[in-house]
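The block underneath contains the structure these notes are about, expressed in structure tokens.
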Amino acid sequence: MKKMAAVLLFTLALCVFILNVPTVVVNSLPKAKIAQLKEIEYAESVSAKGEVSKKDSKTVEAPAPMVISKILVKKGDKIKSGQAIAEVDCSATAKKIMTSGQYSSFLSGKSVSSYDEILSLVPSQVKSDFSGTVESVNAESGNFLSEGDKIISLIGSDAFVVKASVSENYISKIKVGQNAVITGNGFEGEYSGTVEEIASEAKKEYVGTTEDTVVEVKIRFNDADENIRPGYSAKVKIFTSEPKKIKVVPYEAVMQDENNNEYVYVFNNGIAVKKDIKTGAELSEGIEIADGLSGNENILSPSDNIKDGQYVKLEGEN
């Protein structure tokens, strides 16, 4: 009887063990999660540091001899190209021109002999050829201005530049006219910029104790405002290629063998399948997959404890 009880007890224990074998095996499988290829827009770029500097102010000058009747702007005003900045006393101007011979350049090549003919040549307003903020007003009502006299000075939205030092290793990629993004600790957000000038000579520059050969590049602000001040430090990202769509995966999904060949594991019906790949740009969002995947694969991540052909348990599965 005791022998029969022992057999039954052993059989029961064996059944319990067999029933739990699948659970034990599944729990021992390596765990990973699915990381789909993510498509983002990307453009190649070169980053550099520099300092904000102010360009020369733009001026609006009298296009002809004239008597100012009214100044229409004041310091701090924002104006647009084509906007009137001053009104002209046409009658007083014509009389002044007729009584003085020093304004013959204004009449040069023009067949005029009377007050009315001169009056018809005098502009009634002076308009700005630039957009920007009025930095100074240099004339007032009643002033008689000679041709070329300054009326106002403007700080344009492009009146500030970042003088950035670009390493000689990357300067061949930089071209005048390329777009850039400008950031800095002294101002919030991003500002757009354009490469305006590349120095003709390189120079030596120390970063800590390390000497580097750099070339100064001027990047013009396209949308500077009152938050931008000369002397601020700035960072620039200069885009050296047109934007394109690329696919990226998390860094932990990409492995490398002893021959430095890169690969990922793709999840296929519960099994990890090794796929050789080629990578490209390394970004904050992940690493670019340049070749080897179609884009529809379910990539396993992380993959450092997985082997080719091995069953894998996905995180979150029972």
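Each chain of the structure tokens is named A, B, ... in the order shown, its residues numbered from 1; ligands are numbered from 1 in display order.
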Using only C-alpha atoms, determine which residues lie at most 7 Å from stretch 268-274 of chain A, disregarding the query and same-chain residues fewer than 6 positions distant; provide the list as a ChimeraX atom specification. /A:307-312
Please identify all polymer residues within 8 Å of A:Lys31, counting only C-alpha atoms, omitting same-chain residues fewer than 6 positions from it, and present them as a PyMOL selection string. chain A and resi 312-315
Could those residues be written to a file, using C-alpha atoms, as a PDB file, in the first residue's frame?
```pdb
ATOM      1  CA  VAL A 312      12.644  35.493 -28.087  1.00  0.00           C
ATOM      2  CA  LYS A 313      10.018  36.645 -25.611  1.00  0.00           C
ATOM      3  CA  LEU A 314       8.647  40.122 -26.209  1.00  0.00           C
ATOM      4  CA  GLU A 315       8.449  42.393 -23.173  1.00  0.00           C
TER       5      GLU A 315
END
```
Enter the distance from atom CA of A:Ser47 to atom CA of A:Gly186, in Å, rounded to one decimal.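 Those two atoms sit 18.2 Å apart.
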For A:Ile287, work out the shell of residues within 8 Å, counting only C-alpha atoms and skipping chain neighbours fewer than 5 positions away, then give it as an mmCIF file with C-alpha atoms, in the first residue's frame.
```
data_model
loop_
_atom_site.group_PDB
_atom_site.id
_atom_site.type_symbol
_atom_site.label_atom_id
_atom_site.label_comp_id
_atom_site.auth_asym_id
_atom_site.auth_seq_id
_atom_site.Cartn_x
_atom_site.Cartn_y
_atom_site.Cartn_z
ATOM 1 C CA VAL A 248 16.530 55.429 -37.942
ATOM 2 C CA VAL A 249 16.472 52.844 -35.142
ATOM 3 C CA PRO A 250 17.601 53.073 -31.495
ATOM 4 C CA TYR A 251 21.340 52.669 -30.997
ATOM 5 C CA THR A 279 24.433 52.533 -41.111
ATOM 6 C CA GLY A 280 24.763 56.245 -41.836
ATOM 7 C CA ALA A 281 24.237 59.386 -39.795
ATOM 8 C CA GLU A 282 24.298 59.203 -36.005
#
```
Just list as a VMD selection string whatever in stretch 48-277 of chain A DSSP marks as helix (DSSP H, G or I). chain A and resid 90 to 98 101 to 107 115 to 121 171 to 173 251 to 253
Selection from above, N, CA and C atoms, as a PDB file, in the first residue's frame, can you write it?
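Below is the file out.pdb, written as the result:
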```pdb
ATOM      1  N   CYS A  90       8.100 120.442 -51.717  1.00  0.00           N
ATOM      2  CA  CYS A  90       8.498 120.503 -53.128  1.00  0.00           C
ATOM      3  C   CYS A  90       8.706 121.948 -53.604  1.00  0.00           C
ATOM      4  N   SER A  91       7.830 122.861 -53.189  1.00  0.00           N
ATOM      5  CA  SER A  91       7.915 124.247 -53.620  1.00  0.00           C
ATOM      6  C   SER A  91       9.201 124.905 -53.120  1.00  0.00           C
ATOM      7  N   ALA A  92       9.478 124.730 -51.818  1.00  0.00           N
ATOM      8  CA  ALA A  92      10.701 125.307 -51.255  1.00  0.00           C
ATOM      9  C   ALA A  92      11.939 124.694 -51.889  1.00  0.00           C
ATOM     10  N   THR A  93      11.865 123.403 -52.196  1.00  0.00           N
ATOM     11  CA  THR A  93      12.994 122.719 -52.820  1.00  0.00           C
ATOM     12  C   THR A  93      13.276 123.284 -54.208  1.00  0.00           C
ATOM     13  N   ALA A  94      12.220 123.468 -55.019  1.00  0.00           N
ATOM     14  CA  ALA A  94      12.397 123.986 -56.377  1.00  0.00           C
ATOM     15  C   ALA A  94      12.995 125.386 -56.350  1.00  0.00           C
ATOM     16  N   LYS A  95      12.528 126.215 -55.421  1.00  0.00           N
ATOM     17  CA  LYS A  95      13.051 127.575 -55.309  1.00  0.00           C
ATOM     18  C   LYS A  95      14.521 127.563 -54.925  1.00  0.00           C
ATOM     19  N   LYS A  96      14.884 126.665 -54.001  1.00  0.00           N
ATOM     20  CA  LYS A  96      16.270 126.586 -53.544  1.00  0.00           C
ATOM     21  C   LYS A  96      17.187 126.156 -54.688  1.00  0.00           C
ATOM     22  N   ILE A  97      16.731 125.201 -55.482  1.00  0.00           N
ATOM     23  CA  ILE A  97      17.531 124.717 -56.611  1.00  0.00           C
ATOM     24  C   ILE A  97      17.731 125.825 -57.645  1.00  0.00           C
ATOM     25  N   MET A  98      16.678 126.599 -57.910  1.00  0.00           N
ATOM     26  CA  MET A  98      16.761 127.653 -58.922  1.00  0.00           C
ATOM     27  C   MET A  98      17.737 128.759 -58.524  1.00  0.00           C
ATOM     28  N   GLY A 101      23.548 127.372 -57.865  1.00  0.00           N
ATOM     29  CA  GLY A 101      24.149 126.630 -58.969  1.00  0.00           C
ATOM     30  C   GLY A 101      24.802 125.335 -58.537  1.00  0.00           C
ATOM     31  N   GLN A 102      24.911 125.095 -57.228  1.00  0.00           N
ATOM     32  CA  GLN A 102      25.643 123.923 -56.751  1.00  0.00           C
ATOM     33  C   GLN A 102      24.855 122.621 -56.922  1.00  0.00           C
ATOM     34  N   TYR A 103      23.636 122.704 -57.366  1.00  0.00           N
ATOM     35  CA  TYR A 103      22.816 121.504 -57.528  1.00  0.00           C
ATOM     36  C   TYR A 103      22.650 121.131 -58.991  1.00  0.00           C
ATOM     37  N   SER A 104      23.631 121.543 -59.788  1.00  0.00           N
ATOM     38  CA  SER A 104      23.560 121.269 -61.216  1.00  0.00           C
ATOM     39  C   SER A 104      23.586 119.772 -61.506  1.00  0.00           C
ATOM     40  N   SER A 105      24.206 118.952 -60.594  1.00  0.00           N
ATOM     41  CA  SER A 105      24.244 117.504 -60.824  1.00  0.00           C
ATOM     42  C   SER A 105      22.844 116.905 -60.819  1.00  0.00           C
ATOM     43  N   PHE A 106      21.967 117.478 -60.018  1.00  0.00           N
ATOM     44  CA  PHE A 106      20.593 117.005 -59.972  1.00  0.00           C
ATOM     45  C   PHE A 106      19.888 117.251 -61.304  1.00  0.00           C
ATOM     46  N   LEU A 107      20.260 118.346 -61.971  1.00  0.00           N
ATOM     47  CA  LEU A 107      19.617 118.711 -63.234  1.00  0.00           C
ATOM     48  C   LEU A 107      20.399 118.225 -64.449  1.00  0.00           C
ATOM     49  N   TYR A 115      10.711 127.163 -63.146  1.00  0.00           N
ATOM     50  CA  TYR A 115      10.355 126.688 -61.806  1.00  0.00           C
ATOM     51  C   TYR A 115       9.447 125.457 -61.893  1.00  0.00           C
ATOM     52  N   ASP A 116       8.431 125.534 -62.750  1.00  0.00           N
ATOM     53  CA  ASP A 116       7.477 124.419 -62.855  1.00  0.00           C
ATOM     54  C   ASP A 116       8.146 123.134 -63.317  1.00  0.00           C
ATOM     55  N   GLU A 117       9.124 123.260 -64.230  1.00  0.00           N
ATOM     56  CA  GLU A 117       9.817 122.078 -64.718  1.00  0.00           C
ATOM     57  C   GLU A 117      10.677 121.448 -63.618  1.00  0.00           C
ATOM     58  N   ILE A 118      11.335 122.294 -62.824  1.00  0.00           N
ATOM     59  CA  ILE A 118      12.126 121.763 -61.702  1.00  0.00           C
ATOM     60  C   ILE A 118      11.207 121.145 -60.662  1.00  0.00           C
ATOM     61  N   LEU A 119      10.096 121.828 -60.395  1.00  0.00           N
ATOM     62  CA  LEU A 119       9.136 121.339 -59.399  1.00  0.00           C
ATOM     63  C   LEU A 119       8.646 119.934 -59.758  1.00  0.00           C
ATOM     64  N   SER A 120       8.484 119.659 -61.045  1.00  0.00           N
ATOM     65  CA  SER A 120       7.983 118.352 -61.477  1.00  0.00           C
ATOM     66  C   SER A 120       8.987 117.231 -61.228  1.00  0.00           C
ATOM     67  N   LEU A 121      10.264 117.592 -61.038  1.00  0.00           N
ATOM     68  CA  LEU A 121      11.309 116.590 -60.811  1.00  0.00           C
ATOM     69  C   LEU A 121      11.535 116.285 -59.336  1.00  0.00           C
ATOM     70  N   ILE A 171      35.484  72.682 -43.490  1.00  0.00           N
ATOM     71  CA  ILE A 171      35.264  73.946 -44.209  1.00  0.00           C
ATOM     72  C   ILE A 171      34.964  73.722 -45.689  1.00  0.00           C
ATOM     73  N   SER A 172      35.424  72.628 -46.270  1.00  0.00           N
ATOM     74  CA  SER A 172      35.172  72.377 -47.692  1.00  0.00           C
ATOM     75  C   SER A 172      33.690  72.147 -47.968  1.00  0.00           C
ATOM     76  N   LYS A 173      32.925  71.824 -46.939  1.00  0.00           N
ATOM     77  CA  LYS A 173      31.484  71.585 -47.104  1.00  0.00           C
ATOM     78  C   LYS A 173      30.666  72.880 -47.034  1.00  0.00           C
ATOM     79  N   TYR A 251      19.953  53.128 -30.955  1.00  0.00           N
ATOM     80  CA  TYR A 251      21.340  52.669 -30.997  1.00  0.00           C
ATOM     81  C   TYR A 251      21.487  51.254 -30.435  1.00  0.00           C
ATOM     82  N   GLU A 252      20.699  50.916 -29.381  1.00  0.00           N
ATOM     83  CA  GLU A 252      20.856  49.618 -28.733  1.00  0.00           C
ATOM     84  C   GLU A 252      20.386  48.460 -29.607  1.00  0.00           C
ATOM     85  N   ALA A 253      19.719  48.756 -30.726  1.00  0.00           N
ATOM     86  CA  ALA A 253      19.259  47.692 -31.625  1.00  0.00           C
ATOM     87  C   ALA A 253      20.343  47.263 -32.608  1.00  0.00           C
TER      88      ALA A 253
END
```
Within 9 Å of A:Pro123, counting only C-alpha atoms, which residues qualify if same-chain residues fewer than 6 places away don't, as a list in words? Pro63, Ala64, Met66, Glu87, Val88 and Cys90 of chain A
Next, dump the selected residues to file, keeping only C-alpha atoms, as a JSON list (two decimals), in the first residue's frame.
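Output file part36.json is given in full below:
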```json
[["chain", "number", "residue", "atom", "x", "y", "z"],
["A", 63, "PRO", "CA", 17.92, 111.05, -53.45],
["A", 64, "ALA", "CA", 18.03, 114.71, -54.56],
["A", 66, "MET", "CA", 15.37, 118.80, -50.94],
["A", 87, "GLU", "CA", 7.77, 114.28, -46.74],
["A", 88, "VAL", "CA", 9.36, 116.91, -48.98],
["A", 90, "CYS", "CA", 8.50, 120.50, -53.13]]
```
